[in-house]
Amino acid sequence: MNEFIKKIDELQKQINEMRPLARETVLSLRDYYKIGLTWSSNAIEGNTLTETETKVVLEDGLTVGGKPLRDYLEAQGHGDAYAYMISLAKGNEITEADILKLHRLFFVKIDEENAGVYRKNRVFISGSTHALPVPEKVPGLMKEFINGLKDPGRKEHPVITAAKAHLDFVFIHPFIDGNGRVARLLMNLILLQEGYNIALIPPVLRGEYISSIEAAYENSSDFLTLMCRCVYETQKDYLRMLKE
C-alpha cells in the first residue's frame with residue numbers, strides 16, 4: 001500500500017503542474033469520467049450495459065434492444081447522481097442530506113418510495129458471513145459516519161481517507177439497494193474535494209474487489225491497497241490523455 005501511495009504522490013505532482021486546464025478540457029474530462037464511472041460502477045453490480053451502450057444512454061437518451069429496463073434506469077440514475085457529485089466537489093464537506101440526495105438521484109426511477117430513505121428492513125449480502133446493522137441503528141451509525149468525515153484530526157493520506165469512507169459506508173449499508181454505487185460516488189467525491197481525480201474500479205477486478213471488502217471485516221489492507229491501485233491506474237490514464 002505504501003508503495004502505491006508514493007507512486008500516487010509522484011503522479012499527483014505531475015497532474016498539479018499541468019493545472020489549470022482549459023475549460024473545454026475540464027468539461028470533456030468530466031463527460032469522459034461520467035461514462036466511465038457510470039459503466040464500471042454499474043457493471044460491478046451486474047448491470048449488463050457495455051461502456052458504449054452506457055454512453056448512448058447518457059448522451060443520446062436512447063435504449064438498446066434486448067437489455068433489461070432496470071439497466072437503463074441505473075445508467076440514467078447514476079448519471080444524475082454523478083452530476084450532483086461534481087457539484088459537491090467544489091465544497092469541502094459532505095452532509096447527510098448530500099448522501100441522501102445522491103441515493104435518491106440514483107434510485108428514484110427504480111424505486112421512488114425507497115429512494116433517499118434509510119432502509120427499514122433487515123438486508124443480507126449473499127456470500128458474506130457478516131451481519132449488517134439492524135435498521136434501527138442505521139440513522140445513528142450514519143451520523144457517526146458523517147462526523148468522522150468532518151474529523152479535523154485525520155492524519156491519513158487523502159486516498160486512504162476516501163477508501164476507508166467507502167468501506168465504512170458499505171459496512172453500514174444504509175439503503176435497501178444501491179449502497180455500492182453510493183459508496184463509490186462518496187469515495188470519488190472525497191478524492192475530488194482533496195484535489196485528486198476520479199478513480200475507476202474496472203469490472204474485471206469485481207471478484208477481487210468484493211472479496212477484499214469481505215476480508216476487510218478482519219483486515220482492511222487488501223481493500224486499501226486495491227483502491228490505491230485503482231487511483232494510481234486512473235492517474236496514469238489521465239496523464240496519458242493529457243499528454244497525447
# chains A, B, ... in the order shown; residues from 1 in each chain; ligands from 1
$ residues_around --residues "Ser128 in chain A" --least-positions-apart "5" --cutoff "10 Å" --atoms "only C-alpha atoms" --output "PyMOL selection string"
chain A and resi 210-211+213-215
$ write_last_selection --atoms "N, CA and C atoms" --output "CSV table (one decimal), in the first residue's frame"
chain,number,residue,atom,x,y,z
A,210,ILE,N,-14.8,-7.4,-4.4
A,210,ILE,CA,-15.8,-8.0,-3.4
A,210,ILE,C,-15.2,-8.8,-2.3
A,211,SER,N,-14.2,-9.6,-2.7
A,211,SER,CA,-13.5,-10.4,-1.7
A,211,SER,C,-12.7,-9.6,-0.7
A,213,ILE,N,-13.5,-6.5,0.3
A,213,ILE,CA,-14.5,-5.9,1.2
A,213,ILE,C,-14.8,-6.9,2.3
A,214,GLU,N,-15.1,-8.2,1.9
A,214,GLU,CA,-15.4,-9.2,2.9
A,214,GLU,C,-14.3,-9.4,3.8
A,215,ALA,N,-13.0,-9.4,3.3
A,215,ALA,CA,-11.9,-9.6,4.2
A,215,ALA,C,-11.6,-8.4,5.1
$ residues_around --residues "range 41-58 of chain A" --least-positions-apart "6" --cutoff "7 Å" --atoms "only C-alpha atoms" --output "PDB file with C-alpha atoms, in the first residue's frame"
ATOM      1  CA  ILE A  35     -19.477   7.488 -18.722  1.00  0.00           C
ATOM      2  CA  ASP A  71     -30.119  -1.444 -16.621  1.00  0.00           C
ATOM      3  CA  TYR A  72     -31.129   1.767 -18.424  1.00  0.00           C
ATOM      4  CA  ALA A  75     -27.398   4.273 -16.016  1.00  0.00           C
ATOM      5  CA  GLN A  76     -29.679   7.308 -16.094  1.00  0.00           C
ATOM      6  CA  GLY A  79     -25.583   9.881 -14.447  1.00  0.00           C
ATOM      7  CA  ARG A 181     -22.897   2.798  -6.152  1.00  0.00           C
ATOM      8  CA  PRO A 203     -15.274  -4.542 -13.695  1.00  0.00           C
ATOM      9  CA  ARG A 206     -15.008  -7.282  -9.457  1.00  0.00           C
TER      10      ARG A 206
END
$ closest_residue --among "A:Leu11, A:Ile86, A:Val182, A:Met142" --to "Asp31 in chain A" --atoms "only C-alpha atoms"
A:Ile86
$ select_by_dssp --residues "range 2-242 of chain A" --states "alpha helix (DSSP H)" --output "ChimeraX atom specification"
/A:2-17,23-44,51-60,69-88,96-107,138-149,158-172,179-193,206-215,221-242
$ residues_around --residues "range 232-242 of chain A" --least-positions-apart "5" --cutoff "10 Å" --atoms "only C-alpha atoms" --output "list of chain:residue names"
A:Phe4, A:Ile5, A:Lys6, A:Lys7, A:Ile8, A:Asp9, A:Glu10, A:Leu11, A:Gln12, A:Gln14, A:Ile15, A:Met18, A:Leu21, A:Thr25, A:Leu29, A:Tyr196, A:Asn197, A:Ile198, A:Ala199, A:Leu200, A:Ile201, A:Pro202, A:Leu226, A:Met227
$ write_last_selection --atoms "C-alpha atoms" --output "short mmCIF file (atom, residue, chain, number, x, y, z; two decimals), in the first residue's frame"
data_model
loop_
_atom_site.label_atom_id
_atom_site.label_comp_id
_atom_site.auth_asym_id
_atom_site.auth_seq_id
_atom_site.Cartn_x
_atom_site.Cartn_y
_atom_site.Cartn_z
CA PHE A 4 1.30 2.83 -4.25
CA ILE A 5 0.93 5.94 -2.08
CA LYS A 6 4.42 7.01 -3.11
CA LYS A 7 3.58 6.47 -6.78
CA ILE A 8 0.28 8.31 -6.37
CA ASP A 9 2.05 11.31 -4.85
CA GLU A 10 4.55 11.37 -7.74
CA LEU A 11 1.81 11.34 -10.37
CA GLN A 12 -0.28 13.85 -8.44
CA GLN A 14 2.70 15.91 -12.36
CA ILE A 15 -1.05 16.44 -12.54
CA MET A 18 -0.48 20.75 -15.60
CA LEU A 21 -6.68 23.11 -17.55
CA THR A 25 -10.71 20.21 -21.44
CA LEU A 29 -12.85 15.05 -18.95
CA TYR A 196 -7.38 14.16 -6.84
CA ASN A 197 -9.00 12.64 -9.89
CA ILE A 198 -11.90 10.24 -10.12
CA ALA A 199 -10.83 6.64 -9.58
CA LEU A 200 -12.41 3.87 -11.62
CA ILE A 201 -12.67 0.27 -10.42
CA PRO A 202 -12.55 -1.86 -13.59
CA LEU A 226 -6.69 -2.26 -4.23
CA MET A 227 -8.20 1.24 -4.04
#
$ atom_distance --atom1 "CA of Leu88 in chain A" --atom2 "CA of Asp151 in chain A"
18.4 Å
